[in-house]
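Student: Coordinates in protein-v8.cif, mmCIF, C-alpha atoms, are listed below.
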data_data
loop_
_atom_site.label_atom_id
_atom_site.label_comp_id
_atom_site.auth_asym_id
_atom_site.auth_seq_id
_atom_site.Cartn_x
_atom_site.Cartn_y
_atom_site.Cartn_z
CA MET A 1 -40.03 -65.21 10.37
CA ALA A 2 -39.73 -62.19 12.63
CA PRO A 3 -36.15 -61.00 13.20
CA ARG A 4 -34.57 -61.99 16.48
CA ASN A 5 -34.07 -59.26 19.05
CA VAL A 6 -30.30 -59.46 19.46
CA SER A 7 -28.98 -57.14 22.16
CA LYS A 8 -25.60 -55.51 21.66
CA ALA A 9 -22.98 -56.55 24.18
CA PRO A 10 -21.78 -53.71 26.39
CA PRO A 11 -18.22 -52.51 25.73
CA VAL A 12 -15.54 -54.12 27.84
CA THR A 13 -14.01 -51.68 30.30
CA VAL A 14 -10.31 -52.01 30.93
CA ALA A 15 -9.30 -52.11 34.61
CA VAL A 16 -5.81 -51.19 35.85
CA SER A 17 -4.17 -50.50 39.19
CA ALA A 18 -2.33 -47.38 40.31
CA GLU A 19 0.92 -49.36 40.13
CA GLN A 20 0.26 -50.23 36.49
CA ALA A 21 -0.60 -46.62 35.69
CA VAL A 22 2.60 -45.28 37.27
CA ALA A 23 4.70 -47.91 35.48
CA PHE A 24 3.10 -46.98 32.15
CA ARG A 25 3.66 -43.27 32.70
CA ALA A 26 7.29 -43.79 33.69
CA ALA A 27 7.86 -45.79 30.50
CA SER A 28 6.08 -43.15 28.41
CA HIS A 29 8.47 -40.52 29.80
CA GLY A 30 11.49 -42.71 29.06
CA LEU A 31 12.26 -43.17 32.76
CA THR A 32 12.66 -46.93 33.04
CA ALA A 33 15.55 -49.35 32.64
CA GLY A 34 14.04 -50.46 29.36
CA SER A 35 14.26 -46.89 28.03
CA PRO A 36 17.99 -46.06 27.84
CA ARG A 37 18.79 -42.41 27.32
CA PRO A 38 19.35 -41.66 23.63
CA ALA A 39 22.30 -39.45 22.73
CA VAL A 40 21.54 -35.76 22.32
CA SER A 41 20.25 -34.99 18.83
CA PRO A 42 17.41 -32.89 17.41
CA ALA A 43 15.20 -35.99 17.30
CA ALA A 44 16.04 -37.01 20.87
CA LEU A 45 15.39 -33.51 22.21
CA ALA A 46 12.07 -33.32 20.37
CA ALA A 47 11.04 -36.72 21.77
CA ALA A 48 11.99 -35.62 25.30
CA ALA A 49 9.66 -32.64 24.92
CA ARG A 50 6.67 -34.52 23.48
CA ALA A 51 4.48 -33.61 26.47
CA ALA A 52 6.08 -30.13 26.72
CA LEU A 53 8.70 -29.26 29.34
CA PRO A 54 7.64 -26.73 32.00
CA ASP A 55 10.16 -23.89 32.13
CA TYR A 56 9.87 -23.34 35.88
CA PRO A 57 11.50 -23.23 38.33
CA ARG A 58 14.70 -21.98 36.74
CA GLY A 59 16.80 -24.83 35.38
CA ALA A 60 13.92 -27.33 35.31
CA THR A 61 13.87 -27.67 31.51
CA LEU A 62 17.58 -28.45 31.18
CA ARG A 63 17.36 -31.04 33.97
CA ALA A 64 14.32 -32.65 32.38
CA LEU A 65 16.28 -33.00 29.14
CA ALA A 66 19.25 -34.47 31.06
CA ALA A 67 16.93 -37.08 32.61
CA ARG A 68 15.86 -38.20 29.12
CA CYS A 69 18.93 -37.74 26.92
CA SER A 70 22.60 -38.59 27.38
CA GLY A 71 25.26 -36.00 26.70
CA VAL A 72 23.23 -33.00 27.86
CA ARG A 73 25.49 -30.10 28.82
CA ALA A 74 24.86 -26.75 30.46
CA ASP A 75 24.52 -25.08 27.04
CA THR A 76 22.41 -27.79 25.35
CA LEU A 77 19.08 -26.01 25.83
CA ALA A 78 20.43 -22.64 24.68
CA HIS A 79 21.84 -24.22 21.52
CA ALA A 80 18.59 -26.10 20.79
CA LEU A 81 16.58 -22.89 21.16
CA ALA A 82 19.00 -20.84 19.06
CA GLY A 83 19.13 -23.54 16.40
CA GLY A 84 15.36 -23.82 16.13
CA THR A 85 15.06 -27.43 17.33
CA LEU A 86 13.11 -26.34 20.41
CA VAL A 87 10.83 -23.36 21.08
CA ARG A 88 10.20 -21.63 24.40
CA ALA A 89 6.85 -19.87 24.70
CA LEU A 90 3.82 -19.33 26.86
CA SER A 91 1.57 -22.33 26.37
CA LEU A 92 -0.40 -24.60 28.74
CA ARG A 93 -2.22 -22.55 31.40
CA GLY A 94 -0.49 -19.48 29.94
CA THR A 95 2.82 -20.58 31.49
CA ALA A 96 6.26 -20.94 29.90
CA HIS A 97 7.03 -24.31 28.30
CA VAL A 98 9.63 -25.71 25.94
CA PHE A 99 8.61 -28.00 23.09
CA ALA A 100 9.74 -29.08 19.63
CA ALA A 101 9.48 -26.47 16.89
CA ASP A 102 7.45 -28.96 14.85
CA ASP A 103 4.92 -29.10 17.72
CA LEU A 104 4.32 -25.35 17.80
CA ALA A 105 0.68 -25.62 16.73
CA VAL A 106 -0.04 -28.42 19.22
CA PHE A 107 1.05 -26.40 22.24
CA THR A 108 -0.22 -22.98 21.12
CA VAL A 109 -3.23 -23.39 18.83
CA GLY A 110 -4.33 -26.55 20.64
CA ALA A 111 -3.91 -24.98 24.09
CA LEU A 112 -6.21 -22.03 23.34
CA PRO A 113 -9.98 -22.15 23.89
CA THR A 114 -12.05 -23.01 20.82
CA PRO A 115 -12.20 -19.91 18.59
CA GLY A 116 -15.49 -18.05 18.97
CA ASP A 117 -16.68 -20.18 21.88
CA GLU A 118 -17.71 -17.66 24.55
CA ALA A 119 -18.24 -20.16 27.37
CA ALA A 120 -14.92 -21.89 26.68
CA THR A 121 -13.07 -18.56 26.60
CA GLN A 122 -14.67 -17.41 29.85
CA ALA A 123 -13.59 -20.65 31.52
CA ALA A 124 -10.02 -20.31 30.22
CA LEU A 125 -9.76 -16.70 31.41
CA GLY A 126 -10.75 -17.73 34.93
CA SER A 127 -10.33 -14.90 37.41
CA ALA A 128 -9.57 -12.44 34.59
CA TRP A 129 -13.09 -12.74 33.22
CA PRO A 130 -15.15 -10.81 35.86
CA THR A 131 -13.42 -7.53 34.94
CA PHE A 132 -14.76 -7.73 31.39
CA SER A 133 -18.10 -9.15 32.40
CA THR A 134 -18.62 -5.98 34.45
CA LEU A 135 -17.66 -3.89 31.42
CA GLY A 136 -20.11 -5.77 29.22
CA VAL A 137 -17.29 -7.05 26.99
CA ALA A 138 -17.48 -10.60 25.65
CA ALA A 139 -14.58 -12.87 26.64
CA VAL A 140 -13.82 -13.73 23.01
CA ASP A 141 -13.60 -10.02 22.19
CA ALA A 142 -11.34 -9.31 25.16
CA LEU A 143 -8.94 -12.09 24.15
CA ALA A 144 -8.96 -11.12 20.48
CA THR A 145 -8.41 -7.43 21.18
CA VAL A 146 -5.51 -7.87 23.59
CA ALA A 147 -3.93 -10.49 21.33
CA SER A 148 -4.09 -8.25 18.25
CA THR A 149 -2.75 -5.30 20.25
CA LEU A 150 0.18 -7.36 21.53
CA GLY A 151 0.82 -8.42 17.94
CA GLU A 152 0.91 -4.79 16.85
CA VAL A 153 3.36 -3.93 19.63
CA ALA A 154 5.66 -6.86 18.80
CA ALA A 155 5.53 -6.26 15.04
CA ASP A 156 8.59 -3.98 15.22
CA GLY A 157 10.74 -7.02 16.05
CA LYS A 158 12.01 -5.58 19.32
CA ALA A 159 12.52 -8.08 22.14
CA ARG A 160 10.61 -7.06 25.28
CA THR A 161 10.09 -8.50 28.73
CA LYS A 162 6.59 -9.34 29.93
CA GLY A 163 6.61 -6.12 31.96
CA GLU A 164 7.65 -4.05 28.96
CA LEU A 165 4.95 -5.61 26.81
CA SER A 166 2.39 -4.87 29.51
CA GLU A 167 3.51 -1.24 29.69
CA ALA A 168 3.29 -0.96 25.91
CA LEU A 169 -0.42 -1.73 26.11
CA HIS A 170 -1.08 1.49 28.06
CA ASP A 171 -3.22 3.95 26.08
CA ARG A 172 -3.90 1.30 23.43
CA LEU A 173 -6.89 -0.26 25.21
CA ALA A 174 -10.28 1.08 26.28
CA ASP A 175 -10.91 2.48 29.75
CA GLY A 176 -11.32 -0.22 32.39
CA TRP A 177 -9.32 -2.87 30.52
CA GLU A 178 -6.30 -2.34 32.78
CA PRO A 179 -7.63 -2.47 36.35
CA TRP A 180 -5.51 -1.55 39.35
CA CYS A 181 -3.43 -4.42 40.75
CA GLU A 182 -2.70 -4.16 44.47
CA ARG A 183 0.09 -6.72 44.29
CA CYS A 184 1.94 -4.92 41.49
CA GLY A 185 0.94 -1.41 42.48
CA ALA A 186 0.05 -0.60 38.88
CA HIS A 187 -2.69 -0.70 36.26
CA HIS A 188 -2.38 -3.60 33.82
CA VAL A 189 -4.39 -6.17 31.88
CA PRO A 190 -5.42 -9.09 34.15
CA ASP A 191 -2.57 -11.56 34.16
CA GLN A 192 -4.37 -14.61 32.79
CA LEU A 193 -5.82 -12.59 29.92
CA PHE A 194 -2.37 -11.21 29.13
CA ARG A 195 -0.86 -14.70 29.13
CA LEU A 196 -3.51 -16.24 26.87
CA ALA A 197 -3.35 -13.21 24.59
CA ALA A 198 0.42 -13.65 24.30
CA VAL A 199 -0.18 -17.26 23.23
CA ALA A 200 -2.86 -16.16 20.75
CA ALA A 201 -0.57 -13.44 19.39
CA GLY A 202 2.16 -15.98 18.69
CA LEU A 203 4.74 -14.43 21.00
CA ARG A 204 7.69 -16.60 21.95
CA TYR A 205 10.78 -16.11 24.08
CA ALA A 206 13.69 -14.72 22.12
CA ASP A 207 16.19 -17.12 23.74
CA ASP A 208 16.54 -18.72 27.16
CA GLY A 209 16.12 -15.30 28.80
CA PRO A 210 13.10 -13.18 29.77
CA THR A 211 12.36 -11.30 26.53
CA MET A 212 9.68 -12.19 23.99
CA VAL A 213 9.29 -11.49 20.28
CA ALA A 214 6.64 -12.10 17.64
CA GLY A 215 6.47 -15.49 15.93
CA ALA A 216 5.90 -16.11 12.25
CA SER A 217 2.20 -16.99 12.41
CA PRO A 218 -0.10 -16.12 15.34
CA PRO A 219 -2.22 -19.03 16.62
CA ALA A 220 -5.21 -16.69 16.75
CA SER A 221 -5.30 -16.84 12.95
CA ALA A 222 -5.79 -20.62 12.92
CA ASP A 223 -8.98 -21.82 11.25
CA PRO A 224 -11.39 -24.21 13.04
CA ALA A 225 -10.00 -27.28 11.27
CA GLU A 226 -6.44 -26.43 12.31
CA HIS A 227 -7.57 -25.84 15.88
CA ALA A 228 -9.43 -29.16 15.98
CA ALA A 229 -6.40 -31.04 14.64
CA ALA A 230 -4.05 -29.35 17.13
CA ARG A 231 -6.41 -30.00 20.04
CA ALA A 232 -6.78 -33.67 19.08
CA GLU A 233 -3.02 -34.10 19.07
CA LEU A 234 -2.76 -32.29 22.41
CA VAL A 235 -5.20 -34.81 23.92
CA ARG A 236 -3.13 -37.66 22.51
CA ARG A 237 0.05 -36.24 24.00
CA PHE A 238 -1.61 -35.82 27.39
CA LEU A 239 -3.11 -39.30 27.55
CA HIS A 240 0.09 -40.97 26.40
CA ALA A 241 2.11 -39.14 29.05
CA TYR A 242 -0.40 -39.12 31.94
CA GLY A 243 -3.05 -41.71 31.11
CA PRO A 244 -5.24 -43.20 32.17
CA ALA A 245 -6.83 -39.93 33.27
CA PRO A 246 -10.23 -38.20 33.28
CA ALA A 247 -11.08 -35.16 31.18
CA LYS A 248 -10.94 -33.09 34.38
CA ALA A 249 -7.20 -33.78 34.61
CA PHE A 250 -6.75 -32.60 31.02
CA ALA A 251 -8.58 -29.40 31.94
CA GLU A 252 -6.22 -28.82 34.87
CA TRP A 253 -3.15 -29.54 32.74
CA THR A 254 -4.17 -27.18 29.95
CA GLY A 255 -6.13 -24.54 31.87
CA LEU A 256 -9.21 -25.14 29.71
CA GLY A 257 -12.72 -25.44 31.10
CA ALA A 258 -14.12 -28.80 32.17
CA LYS A 259 -16.82 -28.87 29.46
CA GLU A 260 -14.33 -28.14 26.71
CA ALA A 261 -11.96 -30.78 28.03
CA THR A 262 -14.75 -33.37 28.02
CA ALA A 263 -15.68 -32.42 24.46
CA SER A 264 -12.02 -32.70 23.43
CA PHE A 265 -11.89 -36.29 24.68
CA ALA A 266 -15.16 -37.13 22.94
CA ALA A 267 -13.93 -35.67 19.65
CA LEU A 268 -11.34 -38.46 19.38
CA GLY A 269 -14.09 -41.07 19.20
CA ASP A 270 -12.84 -44.66 19.28
CA GLU A 271 -9.25 -43.50 19.77
CA VAL A 272 -10.13 -43.07 23.46
CA VAL A 273 -11.42 -45.93 25.63
CA GLU A 274 -12.72 -46.04 29.17
CA VAL A 275 -10.36 -47.35 31.82
CA ARG A 276 -11.13 -48.02 35.47
CA LEU A 277 -8.14 -46.86 37.48
CA ASP A 278 -8.55 -48.51 40.88
CA GLY A 279 -12.28 -48.29 40.28
CA THR A 280 -12.36 -44.65 39.12
CA ARG A 281 -13.56 -43.85 35.60
CA THR A 282 -10.74 -42.52 33.46
CA ALA A 283 -9.70 -42.66 29.81
CA ALA A 284 -6.71 -43.85 27.79
CA LEU A 285 -5.69 -44.10 24.18
CA ALA A 286 -6.82 -47.41 22.73
CA THR A 287 -3.34 -47.94 21.31
CA ASP A 288 -1.84 -47.61 24.81
CA VAL A 289 -4.00 -50.29 26.43
CA PRO A 290 -1.60 -53.21 25.80
CA ALA A 291 1.33 -51.38 27.41
CA LEU A 292 -0.91 -50.07 30.19
CA THR A 293 -2.26 -53.47 31.19
CA SER A 294 1.07 -55.27 30.77
CA PRO A 295 3.83 -52.84 31.72
CA PRO A 296 7.32 -54.24 31.10
CA THR A 297 9.18 -55.96 33.89
CA GLU A 298 12.57 -54.31 34.10
CA PRO A 299 15.44 -56.66 34.97
CA VAL A 300 17.94 -53.84 35.51
CA ARG A 301 17.68 -51.19 38.23
CA ARG A 302 17.37 -47.64 37.01
CA THR A 303 17.59 -44.60 39.27
CA HIS A 304 16.56 -41.06 38.31
CA LEU A 305 16.75 -37.73 40.05
CA LEU A 306 13.85 -35.71 38.66
CA ALA A 307 13.99 -31.99 39.38
CA ALA A 308 11.06 -29.98 40.68
CA GLY A 309 9.08 -28.96 37.61
CA ASP A 310 9.88 -32.14 35.66
CA PRO A 311 7.01 -33.04 33.31
CA PHE A 312 6.63 -36.42 35.04
CA LEU A 313 5.55 -34.48 38.13
CA GLN A 314 2.80 -32.71 36.17
CA GLN A 315 0.46 -35.66 36.81
CA ARG A 316 -2.77 -34.18 38.11
CA ASP A 317 -3.80 -37.25 40.16
CA ARG A 318 -0.91 -36.95 42.57
CA ALA A 319 -2.31 -39.60 44.90
CA THR A 320 -1.87 -42.19 42.15
CA LEU A 321 1.86 -41.45 42.02
CA VAL A 322 2.38 -40.83 45.77
CA PRO A 323 -0.40 -42.35 47.91
CA ASP A 324 0.92 -41.01 51.25
CA PRO A 325 -0.54 -37.52 51.96
CA ALA A 326 2.47 -36.41 54.01
CA ARG A 327 4.86 -37.36 51.23
CA ARG A 328 2.71 -35.56 48.64
CA LYS A 329 2.81 -32.43 50.78
CA GLU A 330 6.58 -32.74 51.03
CA LEU A 331 7.06 -33.23 47.28
CA TRP A 332 4.62 -30.70 45.82
CA ARG A 333 5.31 -27.56 47.81
CA PRO A 334 4.06 -24.16 46.58
CA ALA A 335 7.64 -22.87 46.74
CA GLY A 336 11.03 -24.45 47.23
CA ALA A 337 9.84 -27.93 46.26
CA PRO A 338 12.41 -30.75 46.22
CA GLY A 339 12.97 -33.14 43.34
CA LEU A 340 11.78 -36.75 43.17
CA VAL A 341 13.97 -39.84 43.42
CA LEU A 342 12.61 -42.45 41.02
CA VAL A 343 13.83 -46.06 41.35
CA ASP A 344 12.64 -48.66 38.86
CA GLY A 345 9.98 -46.21 37.76
CA ARG A 346 8.57 -45.81 41.27
CA PRO A 347 8.79 -42.83 43.67
CA ALA A 348 11.42 -43.55 46.31
CA GLY A 349 12.22 -40.22 48.00
CA THR A 350 13.16 -36.58 47.52
CA TRP A 351 16.39 -34.71 46.84
CA ARG A 352 17.84 -31.21 46.98
CA HIS A 353 21.16 -29.68 46.05
CA LYS A 354 23.24 -26.69 47.08
CA GLU A 355 26.68 -25.29 46.41
CA ASP A 356 29.26 -25.51 49.19
CA LYS A 357 32.79 -24.18 48.55
CA GLY A 358 32.88 -25.31 44.95
CA THR A 359 31.20 -28.66 45.58
CA THR A 360 27.61 -29.48 44.71
CA VAL A 361 26.11 -31.28 47.69
CA VAL A 362 23.07 -33.42 46.87
CA THR A 363 20.99 -34.44 49.88
CA VAL A 364 18.75 -37.45 49.31
CA ASP A 365 15.92 -38.43 51.66
CA LEU A 366 14.79 -41.97 50.81
CA TRP A 367 11.31 -42.84 52.00
CA ASP A 368 11.95 -46.55 52.54
CA PRO A 369 15.16 -48.54 53.06
CA PRO A 370 16.43 -49.47 49.59
CA ALA A 371 17.46 -52.94 48.52
CA GLY A 372 21.22 -52.55 48.16
CA ASP A 373 23.45 -49.49 48.07
CA LEU A 374 22.01 -46.74 45.86
CA SER A 375 24.84 -44.28 46.53
CA PRO A 376 26.84 -44.95 43.32
CA ALA A 377 23.73 -44.68 41.13
CA LEU A 378 22.58 -41.55 42.94
CA HIS A 379 25.98 -39.95 42.44
CA ASP A 380 26.00 -40.77 38.71
CA GLU A 381 22.47 -39.39 38.33
CA ALA A 382 23.34 -36.21 40.20
CA VAL A 383 26.26 -35.58 37.85
CA THR A 384 24.03 -36.24 34.83
CA THR A 385 20.96 -34.31 35.97
CA LEU A 386 22.88 -31.26 37.15
CA THR A 387 25.07 -31.32 34.00
CA ILE A 388 28.32 -31.18 35.97
CA ASP A 389 31.46 -32.05 34.00
CA ASP A 390 33.66 -33.15 36.92
CA PRO A 391 32.13 -35.99 39.00
CA ASP A 392 34.54 -35.20 41.84
CA LEU A 393 32.70 -31.91 42.37
CA VAL A 394 29.50 -33.73 43.39
CA GLU A 395 28.86 -35.18 46.86
CA VAL A 396 25.76 -37.21 47.68
CA VAL A 397 24.55 -37.30 51.28
CA LEU A 398 21.81 -39.66 52.45
CA ALA A 399 19.61 -37.86 54.97
#
What do you get writing this file as structure tokens?
Tutor:
Amino acid sequence: MAPRNVSKAPPVTVAVSAEQAVAFRAASHGLTAGSPRPAVSPAALAAAARAALPDYPRGATLRALAARCSGVRADTLAHALAGGTLVRALSLRGTAHVFAADDLAVFTVGALPTPGDEAATQAALGSAWPTFSTLGVAAVDALATVASTLGEVAADGKARTKGELSEALHDRLADGWEPWCERCGAHHVPDQLFRLAAVAAGLRYADDGPTMVAGASPPASADPAEHAAARAELVRRFLHAYGPAPAKAFAEWTGLGAKEATASFAALGDEVVEVRLDGTRTAALATDVPALTSPPTEPVRRTHLLAAGDPFLQQRDRATLVPDPARRKELWRPAGAPGLVLVDGRPAGTWRHKEDKGTTVVTVDLWDPPAGDLSPALHDEAVTTLTIDDPDLVEVVLA
């Protein structure tokens, strides 16, 4: 008997709404009523930084920790950095982030383009690449050379600012490697190359200030297997914090090229599944699908004041979080952006604060009339988020 021609059933695609996605992300960031703030401890701080905490604008990292841990004080971040629980370094997109010391490889090795991959390195260098293309220098060579030179400069153990490190490169690089910068009025290595080279060299901030020093082991020395493992974990962290999302969003979050981001998703195989987010093709971790499709119903109201720069606001598909274009424009400003009011895991308005004669005045602009009086909760959150010891020194004003 001839074998039957049995066709394989197509894989089932998970479908979720924007509301489900936002609820899942809020829970993943510990920002729901079902996720009470754990007391400050090395483990709690490391968990709060699982998706890395952007270190901009000033004060954003401490406020992000305060939104996720109870008992955060003005000196909590400084102590965690000095004690080695957390590390502050250039990382995703070559920008400053704070993450757990145990996650160093994830956010340095994993955030760099694949070693030896010319196309991936060109894409990561972005606008810094044309300078070296004109010189006939390969992108991988430019990155490796500047990284090794930065490592040589930092080997003396002296803490230097970014500007001092840049100046120290003078006369150490070939002609043309430090083009004239009209904005700075000086010759220096293109900024994105410098930033990625600092990551590759293993530089980290000496404390919570502006100076950097050499780390113990430069990411540039990682072998392919170590890079692949770090990149895989970086994808997992991204999808758990911001999923479901397409590879393009991972590229924007990391600063990697689109092709490399797509390959990074594919490398996880069955760990990643397709999800239709309001009809758009995205991806999620297979282990996250149950929570994504059935987000918890929270019986208790929970209000958060998330500062500008909070990792929750690093979602690349901003329209999923805030559908109204005018509100998105208000929230994500190029400079002077407000914070986000989150109620029950959903965006509810914006907030700002300023000092006025010894009192911190927090102005809250709610987008829609709330159910009930939010003033007490907003006041408590302002005290917590801004790490103010005396509640009487905080005044909340509803705009």
Student: Which residue out of A:Glu330, A:Asp368, A:Asp317, A:Glu381 has the minimum interatomic distance to Ala18 in chain A when all atoms listed in the file are used?
Tutor: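 Looking at the shortest contact to Ala18 in chain A, the residue is A:Asp317.
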Student: Starting from the displayed file, determine the output of the PyMOL selection byres ((chain A and resi 265-280) around 9) and express the residue list as a PyMOL selection string.
Tutor: chain A and resi 12-18+21+228+232+235-236+239+244-247+250+260-264+281-287+289
Student: Select all residues near (21.2, -30.7, 27.0) (cut-off 12 Å, inclusive, file coordinates), counting all atoms listed in the file, and output them as a ChimeraX atom specification.
Tutor: /A:37-42,44-46,48-49,59-81,85-86,384-388
Student: Would you export the selected residues with C-alpha atoms as a compact mmCIF listing (two decimals), in the coordinates of the input, please?
Tutor:
# COMPACT_ATOMS: atom_id res chain seq x y z
CA ARG A 37 18.79 -42.41 27.32
CA PRO A 38 19.35 -41.66 23.63
CA ALA A 39 22.30 -39.45 22.73
CA VAL A 40 21.54 -35.76 22.32
CA SER A 41 20.25 -34.99 18.83
CA PRO A 42 17.41 -32.89 17.41
CA ALA A 44 16.04 -37.01 20.87
CA LEU A 45 15.39 -33.51 22.21
CA ALA A 46 12.07 -33.32 20.37
CA ALA A 48 11.99 -35.62 25.30
CA ALA A 49 9.66 -32.64 24.92
CA GLY A 59 16.80 -24.83 35.38
CA ALA A 60 13.92 -27.33 35.31
CA THR A 61 13.87 -27.67 31.51
CA LEU A 62 17.58 -28.45 31.18
CA ARG A 63 17.36 -31.04 33.97
CA ALA A 64 14.32 -32.65 32.38
CA LEU A 65 16.28 -33.00 29.14
CA ALA A 66 19.25 -34.47 31.06
CA ALA A 67 16.93 -37.08 32.61
CA ARG A 68 15.86 -38.20 29.12
CA CYS A 69 18.93 -37.74 26.92
CA SER A 70 22.60 -38.59 27.38
CA GLY A 71 25.26 -36.00 26.70
CA VAL A 72 23.23 -33.00 27.86
CA ARG A 73 25.49 -30.10 28.82
CA ALA A 74 24.86 -26.75 30.46
CA ASP A 75 24.52 -25.08 27.04
CA THR A 76 22.41 -27.79 25.35
CA LEU A 77 19.08 -26.01 25.83
CA ALA A 78 20.43 -22.64 24.68
CA HIS A 79 21.84 -24.22 21.52
CA ALA A 80 18.59 -26.10 20.79
CA LEU A 81 16.58 -22.89 21.16
CA THR A 85 15.06 -27.43 17.33
CA LEU A 86 13.11 -26.34 20.41
CA THR A 384 24.03 -36.24 34.83
CA THR A 385 20.96 -34.31 35.97
CA LEU A 386 22.88 -31.26 37.15
CA THR A 387 25.07 -31.32 34.00
CA ILE A 388 28.32 -31.18 35.97
Student: Can you list, as a list in words, every protein, DNA or RNA residue that comes within 7 Å of Asp344 in chain A when you count only C-alpha atoms, leaving out same-chain residues fewer than 5 positions away?
Tutor: Thr32, Ala33, Arg301, Arg302 and Thr303 of chain A
Student: Given only C-alpha atoms as the basis, pick out the residue of A:Leu31, A:Ala198, A:Val341, A:Leu234 nearest to Ala308 in chain A.
Tutor: A:Val341
Student: Pick the closest to Thr145 in chain A from A:Leu306, A:Ala200, A:Ala119, A:Arg93: which is it, counting all atoms listed in the file?
Tutor: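 That would be A:Ala200, the residue with the smallest distance to Thr145 in chain A.
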Student: Evaluate the PyMOL selection byres ((chain A and resi 161) around 6) here and jot the selected residues down as a list in words.
Tutor: Arg160, Lys162, Gly163, Glu164, Pro210 and Thr211 of chain A
Student: Please produce a file of those selected residues containing C-alpha atoms, as a short mmCIF file (atom, residue, chain, number, x, y, z; two decimals), in the coordinates of the input.
Tutor:
data_model
loop_
_atom_site.label_atom_id
_atom_site.label_comp_id
_atom_site.auth_asym_id
_atom_site.auth_seq_id
_atom_site.Cartn_x
_atom_site.Cartn_y
_atom_site.Cartn_z
CA ARG A 160 10.61 -7.06 25.28
CA LYS A 162 6.59 -9.34 29.93
CA GLY A 163 6.61 -6.12 31.96
CA GLU A 164 7.65 -4.05 28.96
CA PRO A 210 13.10 -13.18 29.77
CA THR A 211 12.36 -11.30 26.53
#
Student: Skip range 333-335 of chain A itself and residues of its chain fewer than 6 positions away, then list as a list of chain:residue names all residues within 12 Å of it, counting all atoms listed in the file.
Tutor: A:Tyr56, A:Pro57, A:Ala308, A:Gly309, A:Leu313, A:Ala326, A:Arg327, A:Thr350
Student: Using the chain letters and numbers from the file, which residues does the PyMOL selection byres ((chain A and resi 155-157) around 12) grab, as a VMD selection string?
Tutor: chain A and resid 148 to 154 158 to 160 165 201 to 204 206 211 to 218
Student: If I take CA of Pro376 in chain A and CA of Lys354 in chain A, how far is one from the other in Å, to one decimal?
Tutor: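 Between CA of Pro376 in chain A and CA of Lys354 in chain A the gap is 19.0 Å.
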Student: Rounded to one decimal in Å, what is the spacing between CA of Pro311 in chain A and CA of Trp253 in chain A?
Tutor: 10.8 Å
Student: Pick out the closest residue to Arg346 in chain A from this set: A:Gln122, A:Thr320, A:Ser166, A:Thr131. Count only C-alpha atoms.
Tutor: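 Of the candidates, the smallest distance to Arg346 in chain A is held by A:Thr320.
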Student: What is the distance, in Å and to one decimal place, between CA of Ala197 in chain A and CA of Ala82 in chain A?
Tutor: 24.3 Å
